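Heads up: the structure comes next, in structure tokens.
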Amino acid sequence: MSRGRITWISGPVLRAGTEGPFRLRESIRVGEAGLLGEVIRVQEGEIVAQVYEDTTGLRPGMTVEGSGSLLSILLGPHLLGGIFDGLLRPLARAGSAPERHIAPGAAAPVELPLRFSPTARRGDTLKAAAEFGRLLPLDPAAGERAASSSRLARVWTARLPPDCAGEIVSIADEGEFTLDAPLLTLRGADGAMREIAASHHWPVRTPRPVRARLPSDEPLVTGQRILDSLFPVALGGKGAIPGGFGTGKTILLEALAKGCSADVIVYLGCGERGNELAGVLEEFPQLEDPGSGRPLMERTVVIANTSNMPVAAREASIYSAVTVAEYFRDQGLHVALMADSTSRWAEALREVSGRFGELPGEGGYPNYLSSRLADFYERAAKVTTLAGETGSVTLLGSISPPSGDFSEPVTSHTKRYVRSFWALDAKRAQARFYPAVNPLQSYSEDSLDCALWWQHVYGETSAARARAASGENEWLELRRRVLTLLDEQARLERMARIIGKDALPARQRLTLANAELVNEAFLRQSAFSETDRYCGPERQASMLRLLARFIERSEGALAEGTTPEAIAAMPLLRRLTRMGEEIDERDAESMRGRFAQLETQLESAFDELAAAGESAAAAAG
């Protein structure tokens with residue numbers, strides 16, 4: 001084992017004279033408490049390292065011991081339902097009391113007992129990531145989690161690590177074991193023996209291998225209308241949520257974690273305020289999973305690294321989170337990782353870089369900020385795993401640009417690597433318009449890839465099937481019309497501030513009224529409403545189609561002589577504005593009936609409006 005002694009220390013950064021070979025990114029233990037650290041720079045006779053725990057009390061002369069392996073975390077089915085710090089040490093388990101503190105130098109304990117049933121035999125040759133047994137947790141709560149979903153049951157299989165293959169020399173009989181107990185002995189191609197448990201360690205900065213990366217043609221359904229219908233993110237895609245202070249980044253990420261279609265949620269609080277994360281930790285265990293009716297926490301992993309925790313651990317936490325996400329992806333699951341926020345991670349990178357004495361780049365950030373962001377976001381993908389299953393990791397990172405300036409380095413570099421950009425607007429947030437996503441600053445490069453998936457959602461009616469047969473895509477057309485209408489609204493509002501709204505021509509006044517209807521009825525969504533906090537694809541399609549029909553009929557009525565004010569005074573308008581609150585989707589047949597009834601009322605209302613106009617014209621004649 002390599003050893004050394006501290007010669008200099010400043011905050012989380014230390015230098016140590018070496019008494020043996022160290023390697024780059026090797027994990028180390030520092031001082032009597034064995035604080036965890038990582039080698040960042042190797043020089044002749046000296047190493048530079050960062051320590052991921054509070055370094056108060058360390059002094060020159062204290063020992064530094066190398067582990068001989070890269071900085072790694074323990075991966076296994078015990079992660080589901082847990083709350084961990086940035087180094088994946090447990091803070092709490094679902095249904096148990098939280099830890100008051102983590103002792104310095106503490107390792108991640110594994111206390112989950114389980115029953116192992118072998119599915120392979122001695123003499124079998126196994127490929128990397130192959131299954132060799134089934135696991136059944138003995139803890140009743142964990143057992144219920146394992147049985148709550150057929151897909152989550154995949155987590156409770158014993159598999160080889162991705163870097164291990166060979167012939168089984170011995171395998172345990174059915175019985176009770178701990179998660180880190182050896183279950184089989186494997187002879188590799190080089191003749192080396194290796195003991196395998198139900199859990200394994202993996203370096204956090206090394207992407208886990210896959211058989212192939214796949215193109216994605218379906219979206220991650222978030223339940224937020226403005227995101228799914230206008231700016232979708234593909235399954236296995238990458239999205240960024242930039243916004244200034246108070247624009248609702250954390251609330252939006254929490255809403256996505258609660259409602260998105262992923263099998264497993266990894267929620268990372270990276271450098272955020274402790275009171276915000278305390279709300280997450282208190283609320284998540286109480287939420288119900290709409291798919292299974294079980295607690296949402298049973299398919300969630302929370303990694304909490306608040307702003308008062310050691311700054312170097314914040315830099316490592318983002319890699320721990322994406323490694324956990326890749327582990328569940330390798331079980332053939334779709335995983336969504338919410339990182340809040342990458343700006344705090346970049347600030348930690350900047351602080352540690354300054355202590356290294358590195359020359360600062362743009363905004364004081366290190367010159368390698370761009371490549372680190374690329375390394376993180378490129379670990380998002382839809383893949384064929386080594387075991388031949390399909391899984392994905394979707395990365396959604398929030399950004400906190402100072403003063404809401406999207407030209408600052410973290411935001412501008414992130415835009416190069418993400419395909420969905422959901423810009424939060426301070427003016428919308430101040431007007432209590434949530435989600436405060438600005439539709440004119442946001443974009444999605446995944447929209448064309450998801451068009452066929454959405455066409456299946458829209459293709460329920462004969463009219464939609466006729467359009468599809470002729471090569472048209474109704475979703476793309478409606479999306480284009482909505483974005484064009486919102487762009488026209490912004491232009492007309494600038495004009496109205498100069499000449500007054502009443503001075504605008506009738507068609508432009510109608511455009512403003514229709515755009516306001518789209519904003520209120522479709523883009524605004526209440527996170528506090530039981531009915532409206534989540535909106536599925538079918539309900540989104542029905543709402544958008546109904547609004548498009550209203551706009552079409554209103555333009556026709558205007559051409560026939562009806563005034564914009566008469567259209568805005570229609571009682572139907574209020575029902576359209578509140579359809580997200582009033583039409584529940586838990587009963588699909590009832591929902592379809594309510595929308596069909598509303599469409600009939602829309603047609604009748606405009607027919608009556610046209611008849612009234614004809615009568616008025618005849619009387620005047």
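Naming scheme: A, B, ... for chains in displayed order of the structure tokens; residues 1 onward per chain; ligands 1 onward as shown.
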Quick one: everything within 12 Å of Gly191 in chain A, counting only C-alpha atoms, minus sequence neighbours fewer than 6 positions away in the same chain. Send it as a ChimeraX atom specification.
/A:165-169,185
Kindly save the residues from that selection, with N, CA, C and O atoms included, as a PDB file, in the first residue's frame.
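Okay, again-v4.pdb is ready:
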```pdb
ATOM      1  N   ALA A 165     -16.013 -11.590 -16.406  1.00  0.00           N
ATOM      2  CA  ALA A 165     -16.588 -12.726 -17.126  1.00  0.00           C
ATOM      3  C   ALA A 165     -15.688 -13.933 -16.882  1.00  0.00           C
ATOM      4  O   ALA A 165     -14.511 -13.794 -16.513  1.00  0.00           O
ATOM      5  N   GLY A 166     -16.234 -15.133 -17.084  1.00  0.00           N
ATOM      6  CA  GLY A 166     -15.410 -16.328 -16.916  1.00  0.00           C
ATOM      7  C   GLY A 166     -16.221 -17.546 -16.520  1.00  0.00           C
ATOM      8  O   GLY A 166     -17.454 -17.574 -16.644  1.00  0.00           O
ATOM      9  N   GLU A 167     -15.523 -18.577 -16.025  1.00  0.00           N
ATOM     10  CA  GLU A 167     -16.148 -19.849 -15.660  1.00  0.00           C
ATOM     11  C   GLU A 167     -16.402 -19.908 -14.156  1.00  0.00           C
ATOM     12  O   GLU A 167     -15.566 -19.494 -13.350  1.00  0.00           O
ATOM     13  N   ILE A 168     -17.591 -20.408 -13.793  1.00  0.00           N
ATOM     14  CA  ILE A 168     -17.948 -20.512 -12.388  1.00  0.00           C
ATOM     15  C   ILE A 168     -17.179 -21.668 -11.757  1.00  0.00           C
ATOM     16  O   ILE A 168     -17.297 -22.819 -12.181  1.00  0.00           O
ATOM     17  N   VAL A 169     -16.371 -21.381 -10.737  1.00  0.00           N
ATOM     18  CA  VAL A 169     -15.637 -22.395  -9.988  1.00  0.00           C
ATOM     19  C   VAL A 169     -16.494 -22.922  -8.848  1.00  0.00           C
ATOM     20  O   VAL A 169     -16.527 -24.122  -8.579  1.00  0.00           O
ATOM     21  N   THR A 185     -17.463 -17.863  -7.045  1.00  0.00           N
ATOM     22  CA  THR A 185     -16.063 -17.649  -7.409  1.00  0.00           C
ATOM     23  C   THR A 185     -15.928 -17.888  -8.899  1.00  0.00           C
ATOM     24  O   THR A 185     -16.381 -18.916  -9.419  1.00  0.00           O
TER      25      THR A 185
END
```
Would you tabulate, counting only C-alpha atoms, all residues of range 323-389 of chain A that have an atom at most 8 Å from an atom of range 211-234 of chain A, showing the closest pair of atoms and their distance in Å to one decimal, sorted by chain then ascending number, as a tab-separated table?
```
residue	atom	partner	partner_atom	distance
A:Ala381	CA	A:Arg213	CA	6.6
A:Lys382	CA	A:Leu214	CA	5.4
A:Val383	CA	A:Arg213	CA	4.3
A:Thr384	CA	A:Ala212	CA	5.2
A:Thr385	CA	A:Arg211	CA	5.3
A:Leu386	CA	A:Arg211	CA	5.0
A:Gly388	CA	A:Arg211	CA	7.5
```
Restricting the output to N, CA, C and O atoms, write the selected residues as a PDB file, in the first residue's frame.
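Just written: selection-v3.pdb:
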```
ATOM      1  N   ALA A 381     -27.900   8.359 -22.414  1.00  0.00           N
ATOM      2  CA  ALA A 381     -28.062   7.578 -23.646  1.00  0.00           C
ATOM      3  C   ALA A 381     -29.160   6.546 -23.467  1.00  0.00           C
ATOM      4  O   ALA A 381     -29.482   6.134 -22.350  1.00  0.00           O
ATOM      5  N   LYS A 382     -29.717   6.148 -24.580  1.00  0.00           N
ATOM      6  CA  LYS A 382     -30.550   4.948 -24.648  1.00  0.00           C
ATOM      7  C   LYS A 382     -29.667   3.862 -25.239  1.00  0.00           C
ATOM      8  O   LYS A 382     -29.059   4.068 -26.300  1.00  0.00           O
ATOM      9  N   VAL A 383     -29.582   2.717 -24.570  1.00  0.00           N
ATOM     10  CA  VAL A 383     -28.553   1.741 -24.935  1.00  0.00           C
ATOM     11  C   VAL A 383     -29.117   0.325 -24.954  1.00  0.00           C
ATOM     12  O   VAL A 383     -30.173   0.034 -24.383  1.00  0.00           O
ATOM     13  N   THR A 384     -28.359  -0.540 -25.626  1.00  0.00           N
ATOM     14  CA  THR A 384     -28.501  -1.984 -25.428  1.00  0.00           C
ATOM     15  C   THR A 384     -27.437  -2.389 -24.429  1.00  0.00           C
ATOM     16  O   THR A 384     -26.242  -2.184 -24.658  1.00  0.00           O
ATOM     17  N   THR A 385     -27.860  -2.936 -23.306  1.00  0.00           N
ATOM     18  CA  THR A 385     -26.916  -3.268 -22.246  1.00  0.00           C
ATOM     19  C   THR A 385     -26.095  -4.506 -22.617  1.00  0.00           C
ATOM     20  O   THR A 385     -26.389  -5.206 -23.591  1.00  0.00           O
ATOM     21  N   LEU A 386     -25.082  -4.789 -21.811  1.00  0.00           N
ATOM     22  CA  LEU A 386     -24.258  -5.972 -22.049  1.00  0.00           C
ATOM     23  C   LEU A 386     -25.084  -7.251 -21.942  1.00  0.00           C
ATOM     24  O   LEU A 386     -24.746  -8.268 -22.547  1.00  0.00           O
ATOM     25  N   GLY A 388     -28.064  -7.497 -23.098  1.00  0.00           N
ATOM     26  CA  GLY A 388     -28.984  -7.539 -24.226  1.00  0.00           C
ATOM     27  C   GLY A 388     -30.314  -6.851 -23.994  1.00  0.00           C
ATOM     28  O   GLY A 388     -31.213  -6.941 -24.836  1.00  0.00           O
TER      29      GLY A 388
END
```
Hey, could you make a per-residue contact list for range 176-276 of chain A against range 406-429 of chain A with 10 Å as the cut-off, showing the nearest pair of atoms and its distance in Å to one decimal, counting only C-alpha atoms, sorted by chain and number, as CSV?
```
residue,atom,partner,partner_atom,distance
A:Ile226,CA,A:Trp422,CA,9.5
A:Leu227,CA,A:Trp422,CA,7.8
A:Phe231,CA,A:Ser420,CA,6.7
A:Pro232,CA,A:Ser420,CA,7.0
A:Val233,CA,A:Ser420,CA,5.8
A:Ala234,CA,A:Ser420,CA,8.6
A:Gly237,CA,A:Arg419,CA,7.1
A:Lys238,CA,A:Val418,CA,4.9
A:Gly239,CA,A:Ser420,CA,4.5
A:Ala240,CA,A:Phe421,CA,5.1
A:Ile241,CA,A:Trp422,CA,4.9
A:Pro242,CA,A:Ala423,CA,5.3
A:Gly243,CA,A:Leu424,CA,4.7
A:Gly244,CA,A:Ala426,CA,6.6
A:Phe245,CA,A:Ala426,CA,8.0
A:Gly246,CA,A:Ala429,CA,7.2
A:Thr247,CA,A:Ala429,CA,5.2
A:Gly248,CA,A:Ala429,CA,7.3
A:Lys249,CA,A:Leu424,CA,7.6
A:Leu252,CA,A:Leu424,CA,10.0
```
When distances are computed from only C-alpha atoms, which of A:Leu483, A:Ala559, A:Val322, A:Val39 shows the smallest separation from Val335 in chain A?
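Counting only C-alpha atoms, the residue closest to Val335 in chain A is A:Val322.
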Can you list, as a PyMOL selection string, all residues belonging to range 176-400 of chain A that DSSP tags as helix (DSSP H, G or I)?
chain A and resi 225-230+249-259+274-286+296-299+311-329+342-356+362-364+369-377
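The coordinates place CA of Glu520 in chain A at 23.0 Å from CA of Pro505 in chain A.
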Between A:Ile83, A:Leu452, A:Ala313, A:Ala490, which has the minimum distance to Ala278 in chain A (counting only C-alpha atoms)?
A:Ile83
DSSP strand (DSSP E) residues within range 214-398 of chain A, listed as an MDAnalysis selection string
chainID A and resid 214 238:242 264:270 300:305 334:340 381:384 390:398
Which residue is closest to Leu547 in chain A? Choose from A:Asp502, A:Ala316, A:Arg592, A:Glu599 and count only C-alpha atoms.
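The answer is A:Glu599, which sits nearest to Leu547 in chain A.
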Give me, please, the distance in Å between CA of Thr157 in chain A and CA of Leu296 in chain A, quoted to one decimal.
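A separation of 21.3 Å between them.
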If we count only C-alpha atoms and set the cut-off at 9 Å, which residues sit around Glu174 in chain A, ignoring sequence neighbours fewer than 2 positions away in its own chain? Please answer as a PyMOL selection string.
chain A and resi 115-118+172+176
Show which residues sit within 12 Å of Phe595 in chain A, as a list in words. Count only C-alpha atoms, and ignore same-chain residues fewer than 4 positions away.
Glu538, Arg539, Gln540, Ala541, Ser542, Met543, Leu544, Arg545, Leu546, Leu547, Arg575, Leu576, Met579, Gly580, Glu582, Ile583, Asp584, Glu585, Ala588, Glu589, Ser590, Met591, Glu599, Thr600, Gln601 and Leu602 of chain A
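Using only C-alpha atoms, the shortest contact distance between Ser392 in chain A and any of A:Gly561, A:Gly236, A:Gly364, A:Pro435 is found at A:Gly236.
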Residues within 12 Å of Trp8 in chain A, only C-alpha atoms, excluding chain neighbours under 5 positions, as a ChimeraX atom specification:
/A:13-17,46-50,58-62,355-356
